[in-house]
file protein_35.cif (mmCIF, C-alpha atoms)
data_run
#
loop_
_atom_site.label_atom_id
_atom_site.label_comp_id
_atom_site.auth_asym_id
_atom_site.auth_seq_id
_atom_site.Cartn_x
_atom_site.Cartn_y
_atom_site.Cartn_z
CA MET N 1 -44.81 34.28 -79.64
CA PRO N 2 -44.28 37.46 -77.66
CA SER N 3 -45.20 40.66 -79.39
CA LEU N 4 -42.63 43.18 -80.58
CA LYS N 5 -43.46 45.56 -77.75
CA GLU N 6 -42.98 42.88 -75.13
CA LEU N 7 -39.60 41.94 -76.58
CA ARG N 8 -38.51 45.56 -76.67
CA ASN N 9 -39.43 45.96 -73.02
CA ARG N 10 -37.55 42.85 -72.02
CA ILE N 11 -34.42 43.94 -73.85
CA ALA N 12 -34.59 47.30 -72.12
CA SER N 13 -34.97 45.71 -68.70
CA VAL N 14 -32.10 43.27 -69.20
CA LYS N 15 -29.95 46.17 -70.36
CA ALA N 16 -30.78 48.08 -67.19
CA THR N 17 -29.85 45.03 -65.10
CA GLN N 18 -26.59 44.69 -66.98
CA LYS N 19 -25.74 48.29 -66.20
CA ILE N 20 -26.29 47.65 -62.51
CA THR N 21 -24.19 44.48 -62.40
CA LYS N 22 -21.45 46.18 -64.38
CA ALA N 23 -21.39 49.07 -61.94
CA MET N 24 -21.36 46.69 -58.97
CA GLN N 25 -18.47 44.82 -60.49
CA MET N 26 -16.48 48.00 -60.88
CA VAL N 27 -17.26 49.14 -57.35
CA ALA N 28 -16.23 45.72 -56.03
CA ALA N 29 -12.97 45.93 -57.97
CA ALA N 30 -12.15 49.28 -56.41
CA LYS N 31 -13.10 48.08 -52.93
CA LEU N 32 -11.12 44.91 -53.43
CA ARG N 33 -7.96 46.90 -54.03
CA ARG N 34 -8.53 48.81 -50.81
CA ALA N 35 -9.35 45.66 -48.84
CA GLN N 36 -6.28 43.93 -50.20
CA SER N 37 -3.94 46.71 -49.26
CA ALA N 38 -5.51 46.86 -45.80
CA ALA N 39 -4.92 43.13 -45.40
CA GLU N 40 -1.32 43.55 -46.50
CA ALA N 41 -0.74 46.50 -44.18
CA ALA N 42 -1.92 44.42 -41.24
CA ARG N 43 0.41 41.55 -42.02
CA PRO N 44 3.66 42.76 -40.36
CA TYR N 45 1.93 43.13 -37.00
CA ALA N 46 0.39 39.67 -37.08
CA GLU N 47 3.65 38.11 -38.22
CA ARG N 48 5.77 39.71 -35.50
CA MET N 49 3.20 38.80 -32.92
CA GLU N 50 3.24 35.20 -34.07
CA GLN N 51 7.04 35.01 -34.01
CA VAL N 52 7.35 36.29 -30.49
CA LEU N 53 4.45 34.16 -29.27
CA ALA N 54 5.86 31.01 -30.84
CA GLY N 55 9.19 31.74 -29.22
CA LEU N 56 7.68 32.35 -25.82
CA ALA N 57 5.45 29.30 -26.08
CA GLY N 58 8.42 27.18 -27.08
CA SER N 59 10.51 28.28 -24.14
CA LEU N 60 7.60 27.74 -21.76
CA MET N 61 6.53 24.34 -23.08
CA SER N 62 8.85 22.61 -20.65
CA VAL N 63 7.10 24.24 -17.71
CA ASP N 64 3.72 23.11 -19.15
CA ALA N 65 1.83 25.30 -16.73
CA GLY N 66 1.01 27.75 -19.50
CA PRO N 67 -2.00 30.03 -19.28
CA LYS N 68 -5.43 28.58 -20.04
CA LEU N 69 -5.70 30.41 -23.33
CA MET N 70 -2.79 28.35 -24.59
CA VAL N 71 -3.21 24.93 -23.06
CA GLY N 72 -7.01 24.98 -22.94
CA THR N 73 -9.32 24.20 -20.06
CA GLY N 74 -8.43 20.54 -20.22
CA ARG N 75 -11.91 19.73 -21.44
CA ASP N 76 -13.41 19.45 -24.87
CA GLU N 77 -17.11 19.65 -24.17
CA THR N 78 -18.42 22.99 -25.34
CA HIS N 79 -17.39 24.47 -28.65
CA LEU N 80 -17.82 28.06 -29.70
CA LEU N 81 -17.90 28.72 -33.41
CA VAL N 82 -17.30 32.28 -34.53
CA VAL N 83 -18.73 32.52 -38.02
CA CYS N 84 -17.64 35.60 -39.96
CA THR N 85 -19.66 36.45 -43.04
CA SER N 86 -20.54 39.56 -44.98
CA GLU N 87 -23.27 42.10 -44.45
CA ARG N 88 -24.45 42.20 -48.02
CA GLY N 89 -25.47 39.58 -50.52
CA LEU N 90 -24.92 39.36 -54.27
CA CYS N 91 -21.47 37.94 -53.88
CA GLY N 92 -21.85 34.47 -55.35
CA GLY N 93 -21.30 31.52 -53.08
CA PHE N 94 -19.20 33.49 -50.61
CA ASN N 95 -21.49 33.37 -47.58
CA SER N 96 -22.94 29.98 -48.39
CA SER N 97 -19.56 28.30 -48.54
CA ILE N 98 -18.52 29.65 -45.14
CA VAL N 99 -21.86 28.67 -43.63
CA ARG N 100 -21.66 25.24 -45.21
CA LEU N 101 -18.26 24.62 -43.64
CA ALA N 102 -19.57 25.76 -40.26
CA ARG N 103 -22.66 23.59 -40.62
CA GLU N 104 -20.60 20.52 -41.41
CA ARG N 105 -18.51 21.19 -38.31
CA ILE N 106 -21.62 21.62 -36.17
CA ALA N 107 -23.10 18.36 -37.41
CA LEU N 108 -19.81 16.60 -36.70
CA LEU N 109 -19.53 18.02 -33.19
CA GLN N 110 -23.13 17.26 -32.35
CA ALA N 111 -22.71 13.71 -33.55
CA GLU N 112 -19.90 13.41 -31.02
CA GLY N 113 -22.24 14.66 -28.32
CA LYS N 114 -20.53 18.03 -27.83
CA THR N 115 -22.36 21.23 -27.01
CA VAL N 116 -22.13 23.84 -29.72
CA LYS N 117 -22.53 27.59 -29.44
CA ILE N 118 -22.42 30.02 -32.31
CA LEU N 119 -21.35 33.63 -32.46
CA CYS N 120 -22.31 35.24 -35.76
CA VAL N 121 -20.36 38.13 -37.19
CA GLY N 122 -22.20 39.59 -40.14
CA ARG N 123 -25.88 39.45 -40.95
CA LYS N 124 -25.80 37.05 -43.89
CA GLY N 125 -24.35 34.19 -41.91
CA TYR N 126 -26.90 34.75 -39.17
CA ASP N 127 -29.76 34.68 -41.68
CA GLN N 128 -28.60 31.35 -43.04
CA LEU N 129 -27.76 29.72 -39.72
CA LYS N 130 -30.81 30.76 -37.72
CA ARG N 131 -33.09 28.54 -39.77
CA ILE N 132 -31.53 25.30 -38.55
CA TYR N 133 -29.38 26.28 -35.60
CA GLY N 134 -31.27 29.31 -34.31
CA GLY N 135 -31.21 27.96 -30.77
CA LEU N 136 -27.44 27.64 -30.73
CA ILE N 137 -26.69 31.25 -31.66
CA VAL N 138 -25.62 33.04 -28.50
CA GLU N 139 -24.79 36.38 -30.02
CA THR N 140 -24.78 38.27 -33.29
CA ILE N 141 -22.44 41.09 -34.10
CA SER N 142 -23.35 43.30 -37.00
CA LEU N 143 -20.75 45.28 -38.87
CA ARG N 144 -23.37 46.93 -41.01
CA GLU N 145 -22.42 50.48 -40.10
CA VAL N 146 -18.74 49.81 -40.63
CA LYS N 147 -17.31 50.98 -43.91
CA GLN N 148 -13.75 49.88 -43.43
CA VAL N 149 -13.01 47.16 -40.90
CA GLY N 150 -10.93 48.67 -38.13
CA PHE N 151 -8.99 47.17 -35.28
CA VAL N 152 -11.67 48.39 -32.87
CA ASN N 153 -14.22 46.07 -34.48
CA ALA N 154 -11.93 43.13 -33.92
CA GLN N 155 -11.38 44.32 -30.36
CA ASP N 156 -15.12 44.29 -29.66
CA ILE N 157 -15.44 40.72 -30.90
CA GLY N 158 -12.28 39.66 -29.12
CA ARG N 159 -13.51 41.12 -25.85
CA LYS N 160 -16.77 39.19 -26.12
CA VAL N 161 -15.00 35.93 -26.86
CA LEU N 162 -12.62 36.44 -23.94
CA GLU N 163 -15.44 37.34 -21.58
CA MET N 164 -17.25 34.16 -22.46
CA PHE N 165 -14.06 32.16 -22.06
CA ASP N 166 -13.36 33.67 -18.64
CA ALA N 167 -16.91 32.85 -17.59
CA GLY N 168 -16.27 29.25 -18.62
CA ASP N 169 -18.91 29.27 -21.34
CA PHE N 170 -16.85 27.19 -23.74
CA ASP N 171 -13.67 25.13 -23.97
CA VAL N 172 -12.68 25.35 -27.61
CA CYS N 173 -13.14 28.28 -29.96
CA THR N 174 -12.97 28.05 -33.72
CA LEU N 175 -13.04 30.93 -36.15
CA PHE N 176 -14.65 30.56 -39.58
CA TYR N 177 -13.83 32.88 -42.45
CA ALA N 178 -12.87 32.82 -46.11
CA GLU N 179 -9.20 33.04 -46.83
CA PHE N 180 -8.37 35.24 -49.78
CA ARG N 181 -6.28 33.41 -52.39
CA SER N 182 -7.17 35.34 -55.53
CA VAL N 183 -10.11 37.08 -57.14
CA ILE N 184 -11.54 33.78 -58.33
CA SER N 185 -10.58 31.63 -55.35
CA GLN N 186 -11.62 32.18 -51.74
CA VAL N 187 -11.13 29.25 -49.43
CA PRO N 188 -13.47 28.91 -46.45
CA THR N 189 -11.31 28.13 -43.43
CA GLY N 190 -11.87 27.00 -39.88
CA GLN N 191 -9.11 28.14 -37.56
CA GLN N 192 -8.79 27.17 -33.92
CA LEU N 193 -8.45 30.22 -31.69
CA ILE N 194 -8.57 28.78 -28.19
CA PRO N 195 -6.55 26.90 -27.12
CA ALA N 196 -4.04 28.78 -29.22
CA ASN N 197 -2.79 26.73 -32.08
CA ILE N 198 0.80 27.83 -32.28
CA ALA N 199 3.09 26.42 -34.95
CA ASP N 200 4.61 22.97 -34.63
CA PRO N 201 7.08 22.13 -31.85
CA GLU N 202 10.14 22.09 -34.14
CA GLU N 203 9.60 25.66 -35.24
CA GLU N 204 8.83 26.68 -31.70
CA LYS N 205 12.16 25.34 -30.53
CA GLU N 206 13.97 27.26 -33.24
CA ALA N 207 12.10 30.42 -32.42
CA ALA N 208 12.79 29.84 -28.75
CA GLN N 209 16.49 29.59 -29.43
CA GLY N 210 16.28 32.83 -31.36
CA LEU N 211 14.66 34.44 -28.34
CA ALA N 212 16.95 32.86 -25.78
CA THR N 213 19.30 35.83 -25.83
CA TYR N 214 16.57 38.29 -24.94
CA GLU N 215 15.95 39.80 -21.58
CA PHE N 216 12.32 39.91 -20.60
CA GLU N 217 10.60 42.67 -18.77
CA PRO N 218 8.38 41.61 -16.98
CA ASP N 219 9.17 37.87 -17.11
CA GLU N 220 8.13 35.47 -19.85
CA THR N 221 5.01 34.15 -18.16
CA GLU N 222 3.59 37.60 -17.65
CA ILE N 223 4.38 38.73 -21.16
CA LEU N 224 2.72 35.62 -22.50
CA ALA N 225 -0.35 36.23 -20.36
CA ASP N 226 -0.48 39.76 -21.73
CA LEU N 227 0.06 38.78 -25.34
CA LEU N 228 -2.28 35.81 -25.69
CA PRO N 229 -5.52 37.82 -25.39
CA ARG N 230 -4.08 40.40 -27.77
CA ASN N 231 -3.21 37.63 -30.17
CA ILE N 232 -6.85 36.52 -30.25
CA THR N 233 -7.88 40.01 -31.28
CA VAL N 234 -5.16 40.12 -33.90
CA GLN N 235 -6.29 36.79 -35.34
CA ILE N 236 -9.89 37.97 -35.48
CA PHE N 237 -8.78 41.21 -37.11
CA ARG N 238 -6.85 39.25 -39.71
CA ALA N 239 -9.87 37.04 -40.38
CA LEU N 240 -12.10 40.10 -40.82
CA LEU N 241 -9.69 41.66 -43.28
CA GLU N 242 -9.30 38.43 -45.24
CA ASN N 243 -13.07 38.16 -45.27
CA ALA N 244 -13.49 41.71 -46.55
CA ALA N 245 -11.07 41.05 -49.40
CA SER N 246 -12.68 37.70 -50.18
CA GLU N 247 -16.15 39.21 -50.19
CA GLN N 248 -15.19 41.84 -52.72
CA GLY N 249 -13.34 39.27 -54.82
CA ALA N 250 -16.34 36.95 -54.81
CA ARG N 251 -18.68 39.80 -55.63
CA MET N 252 -16.46 40.93 -58.46
CA SER N 253 -16.43 37.54 -60.17
CA ALA N 254 -20.13 36.98 -59.49
CA MET N 255 -21.00 40.32 -61.02
CA ASP N 256 -18.65 39.69 -63.93
CA ASN N 257 -20.57 36.49 -64.63
CA ALA N 258 -23.88 38.27 -64.29
CA THR N 259 -22.80 40.98 -66.72
CA ARG N 260 -21.74 38.35 -69.24
CA ASN N 261 -24.99 36.43 -68.83
CA ALA N 262 -26.98 39.59 -69.33
CA GLY N 263 -24.98 40.27 -72.51
CA ASP N 264 -25.79 36.79 -73.84
CA MET N 265 -29.43 37.27 -73.01
CA ILE N 266 -29.55 40.62 -74.79
CA ASP N 267 -28.01 39.05 -77.89
CA LYS N 268 -30.59 36.26 -77.90
CA LEU N 269 -33.49 38.62 -77.31
CA THR N 270 -32.28 40.99 -80.02
CA LEU N 271 -32.07 38.13 -82.51
CA ASN N 272 -35.56 37.06 -81.55
CA TYR N 273 -36.81 40.63 -81.83
CA ASN N 274 -35.36 41.10 -85.31
CA ARG N 275 -36.77 37.79 -86.50
CA THR N 276 -40.21 38.65 -85.26
CA ARG N 277 -40.03 42.08 -86.83
CA GLN N 278 -38.99 40.62 -90.19
CA ALA N 279 -41.73 38.02 -90.03
CA GLN N 280 -44.25 40.73 -89.34
CA ILE N 281 -43.08 42.86 -92.26
CA THR N 282 -43.22 39.84 -94.56
CA LYS N 283 -46.71 39.07 -93.34
CA GLU N 284 -47.87 42.63 -93.95
CA LEU N 285 -46.36 42.62 -97.44
CA ILE N 286 -48.13 39.35 -98.27
CA GLU N 287 -51.37 40.83 -97.06
CA ILE N 288 -50.96 43.94 -99.23
CA ILE N 289 -49.93 41.95 -102.32
CA SER N 290 -52.72 39.40 -101.99
CA GLY N 291 -55.13 42.25 -101.39
CA ALA N 292 -53.98 43.97 -104.59
CA GLU N 293 -54.23 40.73 -106.57
CA ALA N 294 -57.78 40.13 -105.44
CA LEU N 295 -58.93 43.40 -107.00
CA MET O 1 29.91 52.11 -34.59
CA ALA O 2 26.71 53.13 -36.23
CA ASP O 3 25.08 56.04 -34.45
CA THR O 4 21.57 55.19 -35.58
CA ILE O 5 19.24 52.28 -35.00
CA ARG O 6 16.47 51.02 -37.25
CA PHE O 7 13.11 51.82 -35.69
CA GLU O 8 9.79 50.30 -36.72
CA LEU O 9 6.48 51.30 -35.23
CA VAL O 10 3.75 48.87 -36.19
CA SER O 11 0.08 49.15 -35.36
CA PRO O 12 -2.41 46.42 -36.28
CA GLU O 13 -3.66 48.49 -39.17
CA ARG O 14 -0.41 49.55 -40.75
CA LEU O 15 3.30 50.18 -40.51
CA LEU O 16 3.47 53.67 -39.04
CA MET O 17 7.17 54.42 -39.02
CA SER O 18 10.21 52.74 -40.42
CA GLU O 19 13.37 54.76 -40.29
CA ASP O 20 16.82 55.15 -38.78
CA VAL O 21 16.81 57.02 -35.50
CA ARG O 22 19.30 57.97 -32.79
CA GLN O 23 17.22 57.30 -29.75
CA VAL O 24 13.76 56.21 -28.71
CA ASP O 25 12.30 56.45 -25.21
CA VAL O 26 9.78 53.67 -24.73
CA PRO O 27 7.21 53.55 -21.92
CA GLY O 28 7.80 49.98 -20.74
CA ALA O 29 5.49 48.14 -18.33
CA GLU O 30 8.09 48.34 -15.60
CA GLY O 31 9.32 51.82 -16.32
CA ASP O 32 10.39 53.94 -19.26
CA PHE O 33 13.57 52.97 -20.99
CA GLY O 34 15.67 54.62 -23.64
CA VAL O 35 16.88 52.65 -26.61
CA MET O 36 20.03 53.65 -28.44
CA PRO O 37 22.14 51.72 -30.94
CA GLN O 38 23.80 48.58 -29.53
CA HIS O 39 21.20 48.12 -26.83
CA ALA O 40 21.13 44.64 -25.29
CA PRO O 41 18.37 42.42 -26.74
CA MET O 42 15.18 42.54 -24.74
CA ILE O 43 11.42 42.23 -24.97
CA SER O 44 9.11 44.35 -22.88
CA THR O 45 5.40 44.98 -22.76
CA LEU O 46 4.16 48.55 -22.97
CA ARG O 47 2.02 50.72 -20.77
CA ALA O 48 0.09 53.69 -22.05
CA GLY O 49 2.42 56.60 -22.53
CA ILE O 50 4.32 58.94 -24.77
CA MET O 51 7.14 57.60 -26.85
CA MET O 52 9.86 60.05 -27.77
CA VAL O 53 11.68 59.48 -31.03
CA ARG O 54 14.87 61.37 -31.90
CA ASP O 55 15.60 60.87 -35.58
CA ALA O 56 18.92 60.89 -37.41
CA GLU O 57 18.96 64.71 -37.60
CA GLY O 58 18.28 65.00 -33.91
CA LYS O 59 14.72 66.19 -34.35
CA GLU O 60 12.31 64.97 -31.70
CA ARG O 61 8.88 63.56 -32.28
CA GLU O 62 6.34 62.25 -29.81
CA VAL O 63 3.89 59.43 -30.31
CA PHE O 64 1.19 58.26 -27.95
CA VAL O 65 1.18 54.46 -27.66
CA ARG O 66 -1.04 52.04 -25.80
CA GLY O 67 -0.89 48.28 -25.38
CA GLY O 68 1.51 45.90 -27.05
CA PHE O 69 5.21 45.25 -26.72
CA ALA O 70 8.65 46.32 -27.86
CA GLU O 71 11.38 44.11 -29.18
CA VAL O 72 14.91 45.46 -28.94
CA ARG O 73 17.91 44.16 -30.84
CA PRO O 74 21.29 45.85 -31.15
CA ASP O 75 20.44 47.17 -34.62
CA LEU O 76 16.64 47.12 -34.58
CA LEU O 77 13.80 48.31 -32.40
CA THR O 78 10.29 47.11 -33.20
CA VAL O 79 7.35 48.50 -31.29
CA LEU O 80 4.06 46.67 -31.78
CA ALA O 81 1.43 48.98 -30.35
CA GLU O 82 -2.27 48.30 -30.31
CA GLN O 83 -2.77 51.99 -30.75
CA ALA O 84 -0.27 54.61 -31.86
CA ILE O 85 -1.11 58.24 -32.57
CA PRO O 86 1.39 61.02 -33.23
CA VAL O 87 0.93 63.59 -30.48
CA GLU O 88 0.09 66.35 -32.98
CA GLU O 89 -2.94 64.39 -34.14
CA ILE O 90 -4.43 63.72 -30.74
CA ASP O 91 -7.54 65.72 -29.97
CA GLU O 92 -10.03 66.01 -27.14
CA ALA O 93 -12.42 63.45 -28.63
CA VAL O 94 -9.77 60.74 -28.76
CA LEU O 95 -8.74 61.45 -25.19
CA ALA O 96 -12.31 61.35 -23.94
CA GLN O 97 -12.93 58.08 -25.75
CA GLU O 98 -9.82 56.50 -24.25
CA ILE O 99 -10.77 57.58 -20.75
CA THR O 100 -14.32 56.23 -21.16
CA ASN O 101 -12.97 52.90 -22.40
CA ALA O 102 -10.61 52.66 -19.47
CA GLU O 103 -13.39 53.52 -17.02
CA GLU O 104 -15.57 50.81 -18.53
CA ASP O 105 -12.76 48.34 -18.08
CA VAL O 106 -12.54 49.26 -14.41
CA ALA O 107 -16.29 48.79 -14.02
CA ASP O 108 -16.22 45.47 -15.87
CA ALA O 109 -13.32 43.96 -13.95
CA ARG O 110 -14.39 40.82 -12.15
CA ASP O 111 -11.48 39.98 -9.87
CA ASP O 112 -9.14 42.21 -7.94
CA GLU O 113 -6.16 41.62 -10.16
CA THR O 114 -7.84 42.76 -13.37
CA ARG O 115 -9.42 45.69 -11.53
CA GLN O 116 -6.06 46.76 -10.23
CA LYS O 117 -4.61 46.58 -13.71
CA ALA O 118 -7.50 48.49 -15.21
CA GLU O 119 -7.30 51.15 -12.52
CA TYR O 120 -3.60 51.52 -13.07
CA HIS O 121 -4.21 51.88 -16.78
CA LEU O 122 -6.83 54.55 -16.16
CA SER O 123 -4.64 56.56 -13.83
CA ARG O 124 -1.81 56.25 -16.34
CA LEU O 125 -3.99 57.61 -19.12
CA LYS O 126 -5.11 60.53 -17.01
CA GLU O 127 -1.51 61.31 -16.10
CA VAL O 128 -0.38 61.18 -19.71
CA PHE O 129 -3.21 63.36 -20.90
CA ALA O 130 -2.66 65.90 -18.17
CA ALA O 131 0.98 66.09 -19.24
CA LEU O 132 -0.10 66.54 -22.85
CA LYS O 133 -2.47 69.33 -22.00
CA ALA O 134 0.17 71.05 -19.94
CA ALA O 135 2.49 70.88 -22.94
CA GLY O 136 -0.09 72.77 -24.94
CA HIS O 137 -1.24 69.98 -27.21
CA SER O 138 -4.84 68.99 -27.85
#

call {"tool": "encode", "arguments": {"input": "protein_35.cif", "output": "structure tokens"}}
result
Amino acid sequence: MPSLKELRNRIASVKATQKITKAMQMVAAAKLRRAQSAAEAARPYAERMEQVLAGLAGSLMSVDAGPKLMVGTGRDETHLLVVCTSERGLCGGFNSSIVRLARERIALLQAEGKTVKILCVGRKGYDQLKRIYGGLIVETISLREVKQVGFVNAQDIGRKVLEMFDAGDFDVCTLFYAEFRSVISQVPTGQQLIPANIADPEEEKEAAQGLATYEFEPDETEILADLLPRNITVQIFRALLENAASEQGARMSAMDNATRNAGDMIDKLTLNYNRTRQAQITKELIEIISGAEAL
Amino acid sequence: MADTIRFELVSPERLLMSEDVRQVDVPGAEGDFGVMPQHAPMISTLRAGIMMVRDAEGKEREVFVRGGFAEVRPDLLTVLAEQAIPVEEIDEAVLAQEITNAEEDVADARDDETRQKAEYHLSRLKEVFAALKAAGHS
């Protein structure tokens, strides 16, 4: 049986922890709102880009001599996985679930005899992956100093990916991130970046018809060649923003749980404390009474 | 006939402008072009340059844009720019950064074609910035 003093100390320490988790939850809630509005603000750009690309791709499909970024290198040997995770922990299963998805993909690819390379964005993912797949990690990009994800960050990553692609370092590129559904649900997603995975042919045809009336300056092929690399950056940017929102959402619910757990623990400890105190008082009374009777 | 056209300027981070305007001069990859209501539909990529916007009251505003494309429809002009800064907000630091980036691109270029493009981009930037300075901005 712990002494009264010990119990008091434990209650105080759990209370301090609860204050911290509560504060973190509130900070996450505020950041989540910002991250969400940033993700929404970025949507029109990505959507327009996609529309025009789908249209262009549709109208060029017949020529089938599209740029490499769209049709691929024709091989399927080396895979690059871009794994986006957060820089900070204490956000529930957020990082683990992304890493787990990536790990499953790696195991699958390796079983098929493919070469796998990993590009880590965010420290947490790197920490988890380096234990098993340390040798496969070709590069790590840290966004630790970045407060709010900007387009420039996505540009840096995009440039690296494109450089590697131009050098022929990989054939297929897949991007891993957590898609933000709601505060309690973030879905880890693997999205193919290269070759570009542009909507299904039916939609492309429709979009192509919509674009048929346009004049192009310079011609379609050149515009497509200009837009595809930009599209990669835009997709990465979108993934980073989704990730930022998901991270805050995951942290918020994790911290909410932690705060509740701490509350439960305080209740239990308080009950225990009061019981012990009462027992002690009773014991002291008995001692006094029996002492008086003995006289 | 309507004498204004809907104009939307979108950067990856946010929607910068969405309003009815009379005319917009866009720096297209193959030359600047002016867009007024009832313009024929077209899509053009952008080069670095200054975009002039004349709004419904005839007031003129200038925006620096770089990278991206413009989509023109008879009643709508959408400019998707990788970077868009109103001219008033441009300062020396931004200019210097842009020039450094462009110079790095030139240095990094592997084949002649990309180098040519990067060099063109750099000279374009320098031109634009010289024009800006001459106009008394920055």

call {"tool": "interface_residues", "arguments": {"input": "protein_35.cif", "of": "chain O", "to": "chain N", "cutoff": "12 Å", "atoms": "all atoms listed in the file", "output": "ChimeraX atom specification"}}
result
/O:8-16,18,27-33,39-47,67-74,78-84,98,101,105,108-111,114,117

call {"tool": "resolve_selection", "arguments": {"input": "protein_35.cif", "expression": "the PyMOL selection byres ((chain O and resi 48) around 6)", "output": "list in words"}}
result
Arg47, Gly49, Val65 and Arg66 of chain O

call {"tool": "resolve_selection", "arguments": {"input": "protein_35.cif", "expression": "the PyMOL selection byres ((chain N and resi 100) around 12)", "output": "JSON, numbers by chain"}}
result
{"N": [83, 85, 93, 94, 95, 96, 97, 98, 99, 101, 102, 103, 104, 105, 106, 107, 125, 128, 129, 132, 176, 177, 178, 188, 189, 190]}

call {"tool": "resolve_selection", "arguments": {"input": "protein_35.cif", "expression": "the PyMOL selection byres ((chain O and resi 122) around 10)", "output": "ChimeraX atom specification"}}
result
/O:48,98-106,116-121,123-128

call {"tool": "residues_near_point", "arguments": {"input": "protein_35.cif", "point": "(13.0, 60.4, -36.9)", "cutoff": "12 Å", "atoms": "all atoms listed in the file", "output": "VMD selection string"}}
result
chain O and resid 4 to 9 16 to 24 51 to 63

call {"tool": "closest_residue", "arguments": {"input": "protein_35.cif", "among": "O:Ile90, O:Ala107, O:Val26, O:Asp3", "to": "Lys133 of chain O", "atoms": "all atoms listed in the file"}}
result
O:Ile90

call {"tool": "atom_distance", "arguments": {"input": "protein_35.cif", "atom1": "atom CA of Leu95 of chain O", "atom2": "atom CA of Ala130 of chain O"}}
result
10.3 Å

call {"tool": "atom_distance", "arguments": {"input": "protein_35.cif", "atom1": "atom CA of Gln192 of chain N", "atom2": "atom CA of Ala245 of chain N"}}
result
20.9 Å

call {"tool": "closest_residue", "arguments": {"input": "protein_35.cif", "among": "O:Asp25, O:Gln38, O:Phe64, O:Gln97", "to": "Ile85 of chain O", "atoms": "only C-alpha atoms"}}
result
O:Phe64

call {"tool": "atom_distance", "arguments": {"input": "protein_35.cif", "atom1": "atom CA of Ala16 of chain N", "atom2": "atom CA of Asp256 of chain N"}}
result
15.1 Å

call {"tool": "residues_around", "arguments": {"input": "protein_35.cif", "residues": "Asp169 of chain N", "least_positions_apart": "5", "cutoff": "12 Å", "atoms": "only C-alpha atoms", "output": "mmCIF file with C-alpha atoms, in the frame of the given file"}}
result
data_model
loop_
_atom_site.group_PDB
_atom_site.id
_atom_site.type_symbol
_atom_site.label_atom_id
_atom_site.label_comp_id
_atom_site.auth_asym_id
_atom_site.auth_seq_id
_atom_site.Cartn_x
_atom_site.Cartn_y
_atom_site.Cartn_z
ATOM 1 C CA THR N 73 -9.320 24.200 -20.060
ATOM 2 C CA ARG N 75 -11.910 19.730 -21.440
ATOM 3 C CA ASP N 76 -13.410 19.450 -24.870
ATOM 4 C CA GLU N 77 -17.110 19.650 -24.170
ATOM 5 C CA THR N 78 -18.420 22.990 -25.340
ATOM 6 C CA HIS N 79 -17.390 24.470 -28.650
ATOM 7 C CA LEU N 80 -17.820 28.060 -29.700
ATOM 8 C CA THR N 115 -22.360 21.230 -27.010
ATOM 9 C CA VAL N 116 -22.130 23.840 -29.720
ATOM 10 C CA LYS N 117 -22.530 27.590 -29.440
ATOM 11 C CA ILE N 118 -22.420 30.020 -32.310
ATOM 12 C CA VAL N 138 -25.620 33.040 -28.500
ATOM 13 C CA LYS N 160 -16.770 39.190 -26.120
ATOM 14 C CA VAL N 161 -15.000 35.930 -26.860
ATOM 15 C CA LEU N 162 -12.620 36.440 -23.940
ATOM 16 C CA GLU N 163 -15.440 37.340 -21.580
ATOM 17 C CA MET N 164 -17.250 34.160 -22.460
#

call {"tool": "residues_around", "arguments": {"input": "protein_35.cif", "residues": "Asn153 of chain N", "least_positions_apart": "4", "cutoff": "9 Å", "atoms": "all atoms listed in the file", "output": "short mmCIF file (atom, residue, chain, number, x, y, z; two decimals) with C-alpha atoms, in the coordinates of the input"}}
result
data_model
loop_
_atom_site.label_atom_id
_atom_site.label_comp_id
_atom_site.auth_asym_id
_atom_site.auth_seq_id
_atom_site.Cartn_x
_atom_site.Cartn_y
_atom_site.Cartn_z
CA LEU N 143 -20.75 45.28 -38.87
CA VAL N 146 -18.74 49.81 -40.63
CA VAL N 149 -13.01 47.16 -40.90
CA ILE N 157 -15.44 40.72 -30.90
CA GLY N 158 -12.28 39.66 -29.12
CA PHE N 237 -8.78 41.21 -37.11
CA LEU N 240 -12.10 40.10 -40.82
#

call {"tool": "build_atoms", "arguments": {"input": "protein_35.cif", "residues": "segment 181-187 of chain N", "atoms": "N, CA and C atoms", "output": "CSV table (one decimal), keeping the file's coordinate frame"}}
result
chain,number,residue,atom,x,y,z
N,181,ARG,N,-7.4,33.9,-51.6
N,181,ARG,CA,-6.3,33.4,-52.4
N,181,ARG,C,-6.1,34.3,-53.6
N,182,SER,N,-7.2,34.5,-54.4
N,182,SER,CA,-7.2,35.3,-55.5
N,182,SER,C,-8.6,35.8,-55.8
N,183,VAL,N,-8.8,36.6,-56.9
N,183,VAL,CA,-10.1,37.1,-57.1
N,183,VAL,C,-11.1,35.9,-57.4
N,184,ILE,N,-10.6,34.9,-58.0
N,184,ILE,CA,-11.5,33.8,-58.3
N,184,ILE,C,-11.5,32.7,-57.3
N,185,SER,N,-10.6,32.7,-56.3
N,185,SER,CA,-10.6,31.6,-55.4
N,185,SER,C,-10.5,32.1,-53.9
N,186,GLN,N,-11.6,31.9,-53.2
N,186,GLN,CA,-11.6,32.2,-51.7
N,186,GLN,C,-11.9,30.9,-51.0
N,187,VAL,N,-11.0,30.5,-50.1
N,187,VAL,CA,-11.1,29.2,-49.4
N,187,VAL,C,-11.7,29.4,-48.0
